[in-house]
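Heads up, final09.cif below (mmCIF, C-alpha atoms):
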```
data_entry
#
loop_
_atom_site.group_PDB
_atom_site.id
_atom_site.type_symbol
_atom_site.label_atom_id
_atom_site.label_comp_id
_atom_site.auth_asym_id
_atom_site.auth_seq_id
_atom_site.Cartn_x
_atom_site.Cartn_y
_atom_site.Cartn_z
ATOM 1 C CA MET L 295 -35.744 -76.050 -23.856
ATOM 2 C CA LYS L 296 -39.073 -75.783 -25.632
ATOM 3 C CA VAL L 297 -39.838 -72.976 -28.052
ATOM 4 C CA SER L 298 -43.434 -72.387 -29.127
ATOM 5 C CA ILE L 299 -43.865 -70.389 -32.317
ATOM 6 C CA LEU L 300 -47.098 -68.567 -33.171
ATOM 7 C CA GLN L 301 -48.628 -68.879 -36.616
ATOM 8 C CA PHE L 302 -51.309 -66.485 -37.864
ATOM 9 C CA PRO L 303 -52.812 -66.509 -41.343
ATOM 10 C CA GLY L 304 -50.075 -64.729 -43.312
ATOM 11 C CA THR L 305 -47.185 -65.570 -40.993
ATOM 12 C CA ASN L 306 -44.243 -66.707 -43.139
ATOM 13 C CA CYS L 307 -41.181 -66.900 -40.877
ATOM 14 C CA GLU L 308 -42.386 -69.614 -38.510
ATOM 15 C CA TYR L 309 -40.349 -72.351 -40.207
ATOM 16 C CA ASP L 310 -37.210 -70.175 -40.326
ATOM 17 C CA ALA L 311 -37.609 -69.600 -36.591
ATOM 18 C CA GLN L 312 -38.209 -73.310 -36.053
ATOM 19 C CA SER L 313 -35.113 -74.248 -38.041
ATOM 20 C CA ALA L 314 -33.002 -71.643 -36.203
ATOM 21 C CA PHE L 315 -33.964 -72.788 -32.713
ATOM 22 C CA GLU L 316 -33.704 -76.480 -33.605
ATOM 23 C CA SER L 317 -30.189 -75.877 -34.946
ATOM 24 C CA LEU L 318 -29.371 -74.641 -31.423
ATOM 25 C CA GLY L 319 -30.765 -77.833 -29.897
ATOM 26 C CA ALA L 320 -34.192 -76.587 -28.776
ATOM 27 C CA ARG L 321 -37.446 -78.473 -29.235
ATOM 28 C CA THR L 322 -40.054 -76.463 -31.096
ATOM 29 C CA GLN L 323 -43.765 -76.449 -31.724
ATOM 30 C CA ILE L 324 -45.848 -74.303 -34.052
ATOM 31 C CA ILE L 325 -49.012 -72.928 -32.447
ATOM 32 C CA TRP L 326 -51.946 -72.020 -34.706
ATOM 33 C CA HIS L 327 -53.580 -68.702 -33.794
ATOM 34 C CA LYS L 328 -56.939 -70.332 -32.989
ATOM 35 C CA SER L 329 -55.432 -72.141 -30.034
ATOM 36 C CA ASP L 330 -56.646 -70.655 -26.766
ATOM 37 C CA SER L 331 -53.643 -71.786 -24.778
ATOM 38 C CA ILE L 332 -49.864 -71.977 -24.894
ATOM 39 C CA PRO L 333 -48.232 -75.366 -24.119
ATOM 40 C CA SER L 334 -47.407 -75.350 -20.420
ATOM 41 C CA ASP L 335 -43.821 -76.520 -20.990
ATOM 42 C CA THR L 336 -43.039 -73.477 -23.180
ATOM 43 C CA ASP L 337 -39.761 -71.793 -22.212
ATOM 44 C CA LEU L 338 -39.908 -69.193 -24.973
ATOM 45 C CA LEU L 339 -42.793 -67.989 -27.091
ATOM 46 C CA VAL L 340 -41.865 -66.613 -30.506
ATOM 47 C CA VAL L 341 -44.208 -64.377 -32.488
ATOM 48 C CA ALA L 342 -42.740 -64.959 -35.937
ATOM 49 C CA GLY L 343 -42.548 -62.556 -38.851
ATOM 50 C CA GLY L 344 -44.648 -62.285 -41.976
ATOM 51 C CA PHE L 345 -47.826 -60.464 -42.879
ATOM 52 C CA SER L 346 -50.484 -61.574 -40.426
ATOM 53 C CA TYR L 347 -53.933 -60.902 -41.884
ATOM 54 C CA GLY L 348 -52.278 -59.299 -44.913
ATOM 55 C CA ASP L 349 -51.273 -56.273 -42.809
ATOM 56 C CA TYR L 350 -54.877 -55.084 -43.255
ATOM 57 C CA LEU L 351 -55.794 -51.891 -41.383
ATOM 58 C CA ARG L 352 -52.310 -51.702 -39.794
ATOM 59 C CA SER L 353 -49.537 -54.277 -39.466
ATOM 60 C CA GLY L 354 -50.417 -56.521 -36.536
ATOM 61 C CA ALA L 355 -53.733 -54.763 -35.813
ATOM 62 C CA ILE L 356 -56.037 -57.702 -36.575
ATOM 63 C CA ALA L 357 -53.723 -60.376 -35.163
ATOM 64 C CA LYS L 358 -53.965 -58.854 -31.703
ATOM 65 C CA PHE L 359 -57.565 -60.119 -31.502
ATOM 66 C CA SER L 360 -56.731 -63.705 -32.475
ATOM 67 C CA PRO L 361 -57.870 -66.207 -29.835
ATOM 68 C CA VAL L 362 -54.293 -67.123 -28.911
ATOM 69 C CA MET L 363 -53.392 -63.545 -27.974
ATOM 70 C CA LYS L 364 -55.278 -63.710 -24.663
ATOM 71 C CA ALA L 365 -53.094 -66.665 -23.732
ATOM 72 C CA VAL L 366 -49.996 -64.781 -24.919
ATOM 73 C CA LYS L 367 -50.861 -61.845 -22.687
ATOM 74 C CA LYS L 368 -51.422 -64.133 -19.710
ATOM 75 C CA TYR L 369 -48.168 -65.976 -20.430
ATOM 76 C CA ALA L 370 -46.245 -62.682 -20.584
ATOM 77 C CA ASP L 371 -47.970 -61.272 -17.484
ATOM 78 C CA ASN L 372 -46.815 -64.357 -15.569
ATOM 79 C CA GLY L 373 -43.216 -63.674 -16.562
ATOM 80 C CA GLY L 374 -43.071 -65.969 -19.601
ATOM 81 C CA LYS L 375 -40.460 -65.007 -22.182
ATOM 82 C CA VAL L 376 -41.792 -63.673 -25.486
ATOM 83 C CA LEU L 377 -39.809 -62.727 -28.601
ATOM 84 C CA GLY L 378 -41.497 -60.867 -31.463
ATOM 85 C CA ILE L 379 -39.597 -60.691 -34.728
ATOM 86 C CA CYS L 380 -40.613 -58.233 -37.472
ATOM 87 C CA ASN L 381 -44.396 -58.677 -37.824
ATOM 88 C CA GLY L 382 -44.240 -60.297 -34.379
ATOM 89 C CA PHE L 383 -42.825 -57.006 -33.018
ATOM 90 C CA GLN L 384 -45.684 -55.152 -34.711
ATOM 91 C CA VAL L 385 -48.228 -57.539 -33.169
ATOM 92 C CA LEU L 386 -46.717 -57.100 -29.691
ATOM 93 C CA THR L 387 -46.818 -53.270 -29.904
ATOM 94 C CA GLU L 388 -50.405 -53.366 -31.209
ATOM 95 C CA ALA L 389 -51.334 -55.697 -28.356
ATOM 96 C CA GLY L 390 -49.799 -53.298 -25.842
ATOM 97 C CA LEU L 391 -47.189 -55.823 -24.680
ATOM 98 C CA LEU L 392 -44.407 -53.535 -25.905
ATOM 99 C CA PRO L 393 -44.362 -49.718 -25.967
ATOM 100 C CA GLY L 394 -44.472 -47.627 -29.146
ATOM 101 C CA ALA L 395 -45.719 -48.348 -32.657
ATOM 102 C CA LEU L 396 -44.292 -49.314 -36.051
ATOM 103 C CA MET L 397 -45.167 -46.978 -38.911
ATOM 104 C CA ARG L 398 -44.512 -47.004 -42.659
ATOM 105 C CA ASN L 399 -40.770 -46.644 -43.478
ATOM 106 C CA ASP L 400 -39.988 -42.966 -44.014
ATOM 107 C CA GLY L 401 -38.721 -43.668 -47.551
ATOM 108 C CA LEU L 402 -42.007 -45.531 -48.228
ATOM 109 C CA HIS L 403 -40.095 -48.473 -49.738
ATOM 110 C CA PHE L 404 -40.045 -52.068 -48.567
ATOM 111 C CA ILE L 405 -36.449 -52.625 -47.411
ATOM 112 C CA SER L 406 -34.855 -56.063 -47.685
ATOM 113 C CA LYS L 407 -31.116 -56.222 -47.001
ATOM 114 C CA HIS L 408 -28.467 -56.984 -44.422
ATOM 115 C CA HIS L 409 -28.030 -54.174 -41.905
ATOM 116 C CA HIS L 410 -25.670 -53.602 -39.013
ATOM 117 C CA LEU L 411 -27.078 -53.195 -35.536
ATOM 118 C CA LYS L 412 -25.463 -51.904 -32.378
ATOM 119 C CA VAL L 413 -26.142 -53.549 -29.031
ATOM 120 C CA GLN L 414 -27.342 -50.805 -26.662
ATOM 121 C CA ASN L 415 -28.145 -52.875 -23.588
ATOM 122 C CA ASN L 416 -27.293 -56.441 -22.646
ATOM 123 C CA ASP L 417 -28.706 -56.630 -19.128
ATOM 124 C CA ASN L 418 -31.428 -58.963 -20.393
ATOM 125 C CA ILE L 419 -31.492 -62.637 -21.353
ATOM 126 C CA PHE L 420 -31.894 -61.933 -25.061
ATOM 127 C CA LEU L 421 -28.578 -60.127 -25.531
ATOM 128 C CA GLU L 422 -26.579 -61.302 -22.550
ATOM 129 C CA LYS L 423 -24.190 -63.247 -24.801
ATOM 130 C CA LEU L 424 -23.239 -60.000 -26.510
ATOM 131 C CA ASN L 425 -21.445 -56.962 -25.165
ATOM 132 C CA LYS L 426 -22.722 -53.407 -25.087
ATOM 133 C CA GLY L 427 -21.493 -51.701 -28.243
ATOM 134 C CA ASP L 428 -21.109 -54.942 -30.225
ATOM 135 C CA ILE L 429 -22.041 -54.673 -33.892
ATOM 136 C CA VAL L 430 -24.034 -57.494 -35.458
ATOM 137 C CA ASN L 431 -25.009 -58.029 -39.080
ATOM 138 C CA ILE L 432 -28.646 -59.104 -39.373
ATOM 139 C CA PRO L 433 -31.106 -59.003 -42.301
ATOM 140 C CA ILE L 434 -34.053 -56.620 -42.274
ATOM 141 C CA ALA L 435 -37.140 -57.105 -44.449
ATOM 142 C CA HIS L 436 -40.005 -54.737 -43.716
ATOM 143 C CA HIS L 437 -42.308 -52.016 -44.990
ATOM 144 C CA ASP L 438 -43.499 -50.813 -41.595
ATOM 145 C CA GLY L 439 -40.382 -50.693 -39.448
ATOM 146 C CA ASN L 440 -40.347 -47.009 -38.574
ATOM 147 C CA TYR L 441 -40.420 -47.180 -34.774
ATOM 148 C CA PHE L 442 -42.295 -44.347 -33.110
ATOM 149 C CA ILE L 443 -42.656 -43.500 -29.456
ATOM 150 C CA ASP L 444 -43.454 -40.141 -27.873
ATOM 151 C CA GLU L 445 -40.856 -38.216 -25.864
ATOM 152 C CA ILE L 446 -42.089 -39.381 -22.482
ATOM 153 C CA GLY L 447 -42.112 -42.997 -23.641
ATOM 154 C CA LEU L 448 -38.626 -42.630 -25.094
ATOM 155 C CA LYS L 449 -37.297 -41.257 -21.807
ATOM 156 C CA ASP L 450 -38.784 -44.262 -20.035
ATOM 157 C CA LEU L 451 -37.105 -46.639 -22.489
ATOM 158 C CA TYR L 452 -33.697 -45.113 -21.802
ATOM 159 C CA GLU L 453 -34.180 -44.962 -18.043
ATOM 160 C CA ASN L 454 -34.989 -48.669 -17.864
ATOM 161 C CA ASN L 455 -32.418 -49.881 -20.424
ATOM 162 C CA GLN L 456 -35.242 -51.010 -22.711
ATOM 163 C CA VAL L 457 -33.570 -49.972 -25.960
ATOM 164 C CA LEU L 458 -31.952 -53.223 -27.114
ATOM 165 C CA LEU L 459 -30.597 -52.517 -30.581
ATOM 166 C CA THR L 460 -30.186 -49.560 -32.920
ATOM 167 C CA TYR L 461 -29.479 -49.485 -36.653
ATOM 168 C CA SER L 462 -25.875 -48.531 -37.387
ATOM 169 C CA ASP L 463 -23.113 -48.771 -39.964
ATOM 170 C CA GLU L 464 -20.314 -51.338 -39.625
ATOM 171 C CA ASN L 465 -18.437 -48.992 -37.268
ATOM 172 C CA GLY L 466 -21.367 -48.516 -34.944
ATOM 173 C CA ASP L 467 -22.262 -45.003 -36.046
ATOM 174 C CA ALA L 468 -25.999 -44.405 -36.330
ATOM 175 C CA LYS L 469 -27.412 -45.203 -39.754
ATOM 176 C CA ASN L 470 -31.143 -45.097 -40.027
ATOM 177 C CA PRO L 471 -32.807 -47.102 -42.829
ATOM 178 C CA ASN L 472 -36.453 -46.399 -42.019
ATOM 179 C CA GLY L 473 -36.903 -43.237 -39.945
ATOM 180 C CA SER L 474 -37.144 -44.940 -36.542
ATOM 181 C CA VAL L 475 -36.889 -42.653 -33.509
ATOM 182 C CA ASP L 476 -33.198 -42.637 -32.467
ATOM 183 C CA SER L 477 -32.611 -45.440 -35.031
ATOM 184 C CA ILE L 478 -34.233 -47.930 -32.656
ATOM 185 C CA ALA L 479 -34.430 -51.463 -34.083
ATOM 186 C CA GLY L 480 -35.548 -53.398 -31.000
ATOM 187 C CA VAL L 481 -36.941 -52.846 -27.504
ATOM 188 C CA CYS L 482 -38.122 -54.826 -24.507
ATOM 189 C CA ASN L 483 -40.706 -54.235 -21.816
ATOM 190 C CA LYS L 484 -39.844 -52.882 -18.358
ATOM 191 C CA GLU L 485 -39.874 -56.359 -16.828
ATOM 192 C CA LYS L 486 -37.440 -57.553 -19.540
ATOM 193 C CA ASN L 487 -39.353 -60.678 -20.471
ATOM 194 C CA VAL L 488 -40.985 -59.415 -23.691
ATOM 195 C CA PHE L 489 -38.661 -58.563 -26.579
ATOM 196 C CA GLY L 490 -39.347 -57.170 -30.027
ATOM 197 C CA LEU L 491 -37.156 -56.296 -32.993
ATOM 198 C CA MET L 492 -37.648 -55.627 -36.696
ATOM 199 C CA PRO L 493 -34.454 -57.406 -37.921
ATOM 200 C CA HIS L 494 -34.452 -61.185 -38.395
ATOM 201 C CA PRO L 495 -31.849 -62.990 -36.239
ATOM 202 C CA GLU L 496 -33.374 -66.329 -37.323
ATOM 203 C CA ARG L 497 -32.167 -65.557 -40.857
ATOM 204 C CA ALA L 498 -28.584 -65.010 -39.711
ATOM 205 C CA MET L 499 -27.667 -68.493 -38.514
ATOM 206 C CA GLU L 500 -25.098 -69.572 -41.121
ATOM 207 C CA LEU L 501 -22.060 -67.804 -42.574
ATOM 208 C CA LEU L 502 -22.888 -69.376 -45.912
ATOM 209 C CA LEU L 503 -26.053 -67.267 -45.938
ATOM 210 C CA GLY L 504 -24.250 -64.021 -45.136
ATOM 211 C CA SER L 505 -24.007 -63.949 -41.347
ATOM 212 C CA ASP L 506 -24.245 -66.154 -38.273
ATOM 213 C CA ASP L 507 -24.592 -63.276 -35.818
ATOM 214 C CA GLY L 508 -28.135 -64.425 -35.054
ATOM 215 C CA VAL L 509 -26.730 -67.459 -33.215
ATOM 216 C CA LYS L 510 -25.348 -65.387 -30.344
ATOM 217 C CA MET L 511 -28.622 -63.523 -30.040
ATOM 218 C CA LEU L 512 -30.950 -66.515 -29.951
ATOM 219 C CA GLU L 513 -28.552 -68.532 -27.742
ATOM 220 C CA GLY L 514 -29.268 -66.083 -24.945
ATOM 221 C CA PHE L 515 -32.676 -67.655 -24.515
ATOM 222 C CA LEU L 516 -31.226 -71.174 -24.368
ATOM 223 C CA ALA L 517 -28.843 -70.351 -21.564
ATOM 224 C CA SER L 518 -31.622 -69.455 -19.150
ATOM 225 C CA MET X 64 -77.143 -44.948 -39.481
ATOM 226 C CA LYS X 65 -73.667 -44.593 -40.892
ATOM 227 C CA ALA X 66 -70.473 -43.761 -39.039
ATOM 228 C CA ILE X 67 -67.759 -42.043 -41.023
ATOM 229 C CA ILE X 68 -64.415 -42.302 -39.285
ATOM 230 C CA ASN X 69 -61.382 -40.343 -40.373
ATOM 231 C CA VAL X 70 -58.097 -41.693 -39.062
ATOM 232 C CA SER X 71 -54.955 -39.601 -39.470
ATOM 233 C CA LEU X 72 -51.472 -39.479 -38.012
ATOM 234 C CA LYS X 73 -51.162 -37.251 -34.960
ATOM 235 C CA ALA X 74 -49.711 -33.798 -35.326
ATOM 236 C CA GLY X 75 -45.995 -34.159 -34.688
ATOM 237 C CA VAL X 76 -45.796 -37.646 -36.180
ATOM 238 C CA LEU X 77 -43.995 -37.444 -39.525
ATOM 239 C CA ASP X 78 -46.376 -38.320 -42.357
ATOM 240 C CA SER X 79 -44.046 -39.763 -45.030
ATOM 241 C CA GLN X 80 -46.866 -40.423 -47.482
ATOM 242 C CA GLY X 81 -48.106 -36.846 -47.062
ATOM 243 C CA LYS X 82 -44.573 -35.571 -47.754
ATOM 244 C CA ALA X 83 -44.305 -37.708 -50.913
ATOM 245 C CA VAL X 84 -47.682 -36.455 -52.157
ATOM 246 C CA LEU X 85 -46.651 -32.866 -51.388
ATOM 247 C CA HIS X 86 -43.518 -33.281 -53.529
ATOM 248 C CA ALA X 87 -45.533 -34.873 -56.337
ATOM 249 C CA LEU X 88 -48.017 -31.974 -56.303
ATOM 250 C CA GLY X 89 -45.076 -29.568 -56.402
ATOM 251 C CA SER X 90 -43.656 -31.319 -59.455
ATOM 252 C CA LEU X 91 -47.101 -30.903 -61.079
ATOM 253 C CA HIS X 92 -46.649 -27.137 -60.488
ATOM 254 C CA PHE X 93 -49.281 -26.859 -57.764
ATOM 255 C CA GLY X 94 -46.914 -24.648 -55.850
ATOM 256 C CA ASN X 95 -49.565 -23.284 -53.511
ATOM 257 C CA VAL X 96 -49.904 -26.521 -51.507
ATOM 258 C CA GLN X 97 -48.268 -25.936 -48.130
ATOM 259 C CA ASP X 98 -48.745 -29.296 -46.455
ATOM 260 C CA VAL X 99 -50.363 -32.688 -47.098
ATOM 261 C CA ARG X 100 -51.588 -35.185 -44.519
ATOM 262 C CA VAL X 101 -52.705 -38.591 -45.794
ATOM 263 C CA GLY X 102 -55.187 -40.502 -43.652
ATOM 264 C CA LYS X 103 -57.815 -43.139 -44.139
ATOM 265 C CA GLN X 104 -61.569 -43.150 -44.004
ATOM 266 C CA ILE X 105 -63.555 -46.043 -42.588
ATOM 267 C CA ILE X 106 -67.316 -46.118 -43.163
ATOM 268 C CA LEU X 107 -69.489 -48.311 -40.977
ATOM 269 C CA LYS X 108 -73.132 -49.138 -41.597
ATOM 270 C CA LEU X 109 -74.735 -49.493 -38.189
ATOM 271 C CA ASP X 110 -77.934 -51.165 -37.094
ATOM 272 C CA GLU X 111 -78.559 -48.450 -34.515
ATOM 273 C CA THR X 112 -80.907 -45.476 -34.172
ATOM 274 C CA ASP X 113 -79.639 -44.041 -30.878
ATOM 275 C CA LYS X 114 -76.880 -41.550 -31.724
ATOM 276 C CA THR X 115 -75.449 -41.460 -28.208
ATOM 277 C CA LYS X 116 -75.177 -45.237 -28.110
ATOM 278 C CA ALA X 117 -73.702 -45.304 -31.622
ATOM 279 C CA MET X 118 -71.083 -42.695 -30.709
ATOM 280 C CA LYS X 119 -70.139 -44.646 -27.591
ATOM 281 C CA ASP X 120 -69.794 -47.902 -29.549
ATOM 282 C CA VAL X 121 -67.848 -46.398 -32.430
ATOM 283 C CA THR X 122 -65.508 -44.609 -30.025
ATOM 284 C CA ALA X 123 -64.773 -47.978 -28.385
ATOM 285 C CA MET X 124 -64.169 -49.507 -31.827
ATOM 286 C CA CYS X 125 -61.684 -46.752 -32.643
ATOM 287 C CA GLU X 126 -59.855 -47.117 -29.344
ATOM 288 C CA ASP X 127 -59.678 -50.925 -29.596
ATOM 289 C CA LEU X 128 -59.025 -51.503 -33.265
ATOM 290 C CA LEU X 129 -59.699 -48.872 -35.911
ATOM 291 C CA ALA X 130 -57.012 -46.430 -34.775
ATOM 292 C CA ASN X 131 -53.695 -46.925 -33.020
ATOM 293 C CA THR X 132 -53.814 -44.030 -30.575
ATOM 294 C CA VAL X 133 -50.042 -44.154 -30.075
ATOM 295 C CA ILE X 134 -49.653 -42.585 -33.514
ATOM 296 C CA GLU X 135 -53.139 -41.784 -34.814
ATOM 297 C CA ASP X 136 -56.091 -39.471 -34.080
ATOM 298 C CA TYR X 137 -59.631 -40.229 -35.177
ATOM 299 C CA GLU X 138 -62.777 -38.219 -35.847
ATOM 300 C CA ILE X 139 -66.242 -39.736 -35.936
ATOM 301 C CA GLU X 140 -69.187 -38.372 -37.873
ATOM 302 C CA LEU X 141 -72.623 -39.994 -37.635
ATOM 303 C CA VAL X 142 -74.977 -39.541 -40.571
#
```

Target encoding structure tokens, full file:
Amino acid sequence: MKVSILQFPGTNCEYDAQSAFESLGARTQIIWHKSDSIPSDTDLLVVAGGFSYGDYLRSGAIAKFSPVMKAVKKYADNGGKVLGICNGFQVLTEAGLLPGALMRNDGLHFISKHHHLKVQNNDNIFLEKLNKGDIVNIPIAHHDGNYFIDEIGLKDLYENNQVLLTYSDENGDAKNPNGSVDSIAGVCNKEKNVFGLMPHPERAMELLLGSDDGVKMLEGFLAS
Amino acid sequence: MKAIINVSLKAGVLDSQGKAVLHALGSLHFGNVQDVRVGKQIILKLDETDKTKAMKDVTAMCEDLLANTVIEDYEIELV
């Protein structure tokens, strides 16, 4: 299993992602954004979190024109598996690889804390190790995590089981930290090979650090 | 020629910054403000004399980069 992790100027979660996947036994490689290709033996491409290009203009807006993004699009179009975490999710929506957009949190504050999430759909490789309705405890750390999609787009998401995770309390009742439509925390594309979420599963790999619920999430990719 | 581009959130998309500014104006006793929308202005200096061509180019720039049309509208003024 080989995981390639994208690095833009301003990315800051690439080494967390690397450490997380290596702890699960995967080989990893960091790919600088100027690369015009993705290693051919890549089983999973991770767009890691951070503040690519300082979040200038909009989060993820400049990164979508980095040289590597053409290769990312081609990789995804050919069925390659892509996971965007936090800023990576923002980059993937800006690039049109995932539906919707991430706006400023409705409370206008940067939020950094552990938050519970409810698994909405597990008929995809990312969450197949979890059950529908499971509650996981995963850190969030974002300023622009307010997921927006119009009504037609939202209907599409539900019809195709593309809503992966929603923010909840520890009992699974909706609890919305940032104003996201229907408390959505993560989605995938129709083909279910491109995944994006604002929370950071790669930061929830050890109980000592508050939660190891990220293990079950990231393991899904290793099983395939 | 200059292009002045105003980017703002679409009607129907909650403008949290606008709401915060509205509340702040209220606390300053400007009670006659009914609504606030906060946007951004981008000013481009163009090496172009043909207005039609400039409008076409700037529209493409807005669609590709300057605005995210999922959540934002844009208006272009050439001066």

ask   = Pick from L:Asp400, L:Glu485, L:Asp337, L:Asp450: nearest to Ile299 of chain L, with all atoms listed in the file counted?
value =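 Of L:Asp400, L:Glu485, L:Asp337, L:Asp450, the one nearest Ile299 of chain L is L:Asp337, counting all atoms listed in the file.
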
Mind telling me what the PyMOL selection byres ((chain X) within 12 of (chain L)) catches here, as a tab-separated table (two decimals) with C-alpha atoms, in the frame of the given file?
```tsv
chain	number	residue	atom	x	y	z
X	70	VAL	CA	-58.10	-41.69	-39.06
X	72	LEU	CA	-51.47	-39.48	-38.01
X	73	LYS	CA	-51.16	-37.25	-34.96
X	74	ALA	CA	-49.71	-33.80	-35.33
X	75	GLY	CA	-46.00	-34.16	-34.69
X	76	VAL	CA	-45.80	-37.65	-36.18
X	77	LEU	CA	-44.00	-37.44	-39.52
X	78	ASP	CA	-46.38	-38.32	-42.36
X	79	SER	CA	-44.05	-39.76	-45.03
X	80	GLN	CA	-46.87	-40.42	-47.48
X	81	GLY	CA	-48.11	-36.85	-47.06
X	82	LYS	CA	-44.57	-35.57	-47.75
X	83	ALA	CA	-44.30	-37.71	-50.91
X	84	VAL	CA	-47.68	-36.46	-52.16
X	102	GLY	CA	-55.19	-40.50	-43.65
X	103	LYS	CA	-57.82	-43.14	-44.14
X	104	GLN	CA	-61.57	-43.15	-44.00
X	105	ILE	CA	-63.56	-46.04	-42.59
X	125	CYS	CA	-61.68	-46.75	-32.64
X	126	GLU	CA	-59.86	-47.12	-29.34
X	127	ASP	CA	-59.68	-50.92	-29.60
X	128	LEU	CA	-59.02	-51.50	-33.26
X	129	LEU	CA	-59.70	-48.87	-35.91
X	130	ALA	CA	-57.01	-46.43	-34.78
X	131	ASN	CA	-53.70	-46.92	-33.02
X	132	THR	CA	-53.81	-44.03	-30.58
X	133	VAL	CA	-50.04	-44.15	-30.08
X	134	ILE	CA	-49.65	-42.58	-33.51
X	135	GLU	CA	-53.14	-41.78	-34.81
```

Assuming the chain letters and numbering stay as they are in my file, what does the PyMOL selection byres ((chain L and resi 457) around 8) actually select? List them as an mmCIF file with C-alpha atoms, keeping the file's coordinate frame.
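Generated file (expr_5.cif):
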```
data_model
loop_
_atom_site.group_PDB
_atom_site.id
_atom_site.type_symbol
_atom_site.label_atom_id
_atom_site.label_comp_id
_atom_site.auth_asym_id
_atom_site.auth_seq_id
_atom_site.Cartn_x
_atom_site.Cartn_y
_atom_site.Cartn_z
ATOM 1 C CA GLN L 414 -27.342 -50.805 -26.662
ATOM 2 C CA ASN L 415 -28.145 -52.875 -23.588
ATOM 3 C CA LEU L 451 -37.105 -46.639 -22.489
ATOM 4 C CA TYR L 452 -33.697 -45.113 -21.802
ATOM 5 C CA ASN L 455 -32.418 -49.881 -20.424
ATOM 6 C CA GLN L 456 -35.242 -51.010 -22.711
ATOM 7 C CA LEU L 458 -31.952 -53.223 -27.114
ATOM 8 C CA LEU L 459 -30.597 -52.517 -30.581
ATOM 9 C CA THR L 460 -30.186 -49.560 -32.920
ATOM 10 C CA ILE L 478 -34.233 -47.930 -32.656
ATOM 11 C CA GLY L 480 -35.548 -53.398 -31.000
ATOM 12 C CA VAL L 481 -36.941 -52.846 -27.504
ATOM 13 C CA CYS L 482 -38.122 -54.826 -24.507
#
```

key: Given the PyMOL selection byres ((chain X and resi 138) around 7), the residues it picks as JSON, numbers by chain   = {"X": [68, 69, 70, 137, 139, 140]}

Let me see the file: selected residues, C-alpha atoms, as an mmCIF file, keeping the file's coordinate frame.
```
data_model
loop_
_atom_site.group_PDB
_atom_site.id
_atom_site.type_symbol
_atom_site.label_atom_id
_atom_site.label_comp_id
_atom_site.auth_asym_id
_atom_site.auth_seq_id
_atom_site.Cartn_x
_atom_site.Cartn_y
_atom_site.Cartn_z
ATOM 1 C CA ILE X 68 -64.415 -42.302 -39.285
ATOM 2 C CA ASN X 69 -61.382 -40.343 -40.373
ATOM 3 C CA VAL X 70 -58.097 -41.693 -39.062
ATOM 4 C CA TYR X 137 -59.631 -40.229 -35.177
ATOM 5 C CA ILE X 139 -66.242 -39.736 -35.936
ATOM 6 C CA GLU X 140 -69.187 -38.372 -37.873
#
```

Need the shell around Met64 of chain X: protein/DNA/RNA residues with any atom at most 7 Å away, counting all atoms listed in the file. Skip same-chain ones fewer than 3 positions apart. Format as a PDB file with C-alpha atoms, in the coordinates of the input?
```pdb
ATOM      1  CA  LYS X 108     -73.132 -49.138 -41.597  1.00  0.00           C
ATOM      2  CA  LEU X 109     -74.735 -49.493 -38.189  1.00  0.00           C
ATOM      3  CA  ASP X 110     -77.934 -51.165 -37.094  1.00  0.00           C
ATOM      4  CA  GLU X 111     -78.559 -48.450 -34.515  1.00  0.00           C
ATOM      5  CA  THR X 112     -80.907 -45.476 -34.172  1.00  0.00           C
ATOM      6  CA  LEU X 141     -72.623 -39.994 -37.635  1.00  0.00           C
ATOM      7  CA  VAL X 142     -74.977 -39.541 -40.571  1.00  0.00           C
TER       8      VAL X 142
END
```

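If all atoms listed in the file are the atoms counted, then among L:Ser462, L:Asn483, L:Asn425, L:Asn381 the closest residue to His410 of chain L is L:Ser462.
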
task = Skip Gly348 of chain L itself and residues of its chain fewer than 2 positions away, then list as a list in words all residues within 12 Å of it, counting all atoms listed in the file.
result =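 Near Gly348 of chain L, the qualifying residues are Phe302, Pro303, Gly304, Thr305, Asn306, Gly343, Gly344, Phe345, Ser346, Tyr350, Leu351, Arg352, Ser353, Gly354, Ala355, Ile356, Ala357 and Asn381 of chain L.
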
inquiry  = Using all atoms listed in the file, can you tell me which of X:Val96, X:Ala87, X:Ile106, X:Ala66 comes closest to Thr122 of chain X?
reply    = X:Ala66

inquiry  = Using only C-alpha atoms, which protein or nucleic acid residues come within 8 Å of segment 491-497 of chain L? Drop anything in the same chain fewer than 2 positions from it, and give the result as JSON, numbers by chain.
reply    = {"L": [310, 311, 314, 315, 378, 379, 380, 381, 383, 432, 433, 434, 435, 436, 439, 459, 479, 480, 481, 489, 499, 507, 508, 509, 511, 512]}

Any chance you can output those residues with C-alpha atoms as a compact mmCIF listing (two decimals), keeping the file's coordinate frame?
```txt
# COMPACT_ATOMS: atom_id res chain seq x y z
CA ASP L 310 -37.21 -70.18 -40.33
CA ALA L 311 -37.61 -69.60 -36.59
CA ALA L 314 -33.00 -71.64 -36.20
CA PHE L 315 -33.96 -72.79 -32.71
CA GLY L 378 -41.50 -60.87 -31.46
CA ILE L 379 -39.60 -60.69 -34.73
CA CYS L 380 -40.61 -58.23 -37.47
CA ASN L 381 -44.40 -58.68 -37.82
CA PHE L 383 -42.82 -57.01 -33.02
CA ILE L 432 -28.65 -59.10 -39.37
CA PRO L 433 -31.11 -59.00 -42.30
CA ILE L 434 -34.05 -56.62 -42.27
CA ALA L 435 -37.14 -57.10 -44.45
CA HIS L 436 -40.01 -54.74 -43.72
CA GLY L 439 -40.38 -50.69 -39.45
CA LEU L 459 -30.60 -52.52 -30.58
CA ALA L 479 -34.43 -51.46 -34.08
CA GLY L 480 -35.55 -53.40 -31.00
CA VAL L 481 -36.94 -52.85 -27.50
CA PHE L 489 -38.66 -58.56 -26.58
CA MET L 499 -27.67 -68.49 -38.51
CA ASP L 507 -24.59 -63.28 -35.82
CA GLY L 508 -28.14 -64.42 -35.05
CA VAL L 509 -26.73 -67.46 -33.22
CA MET L 511 -28.62 -63.52 -30.04
CA LEU L 512 -30.95 -66.52 -29.95
```
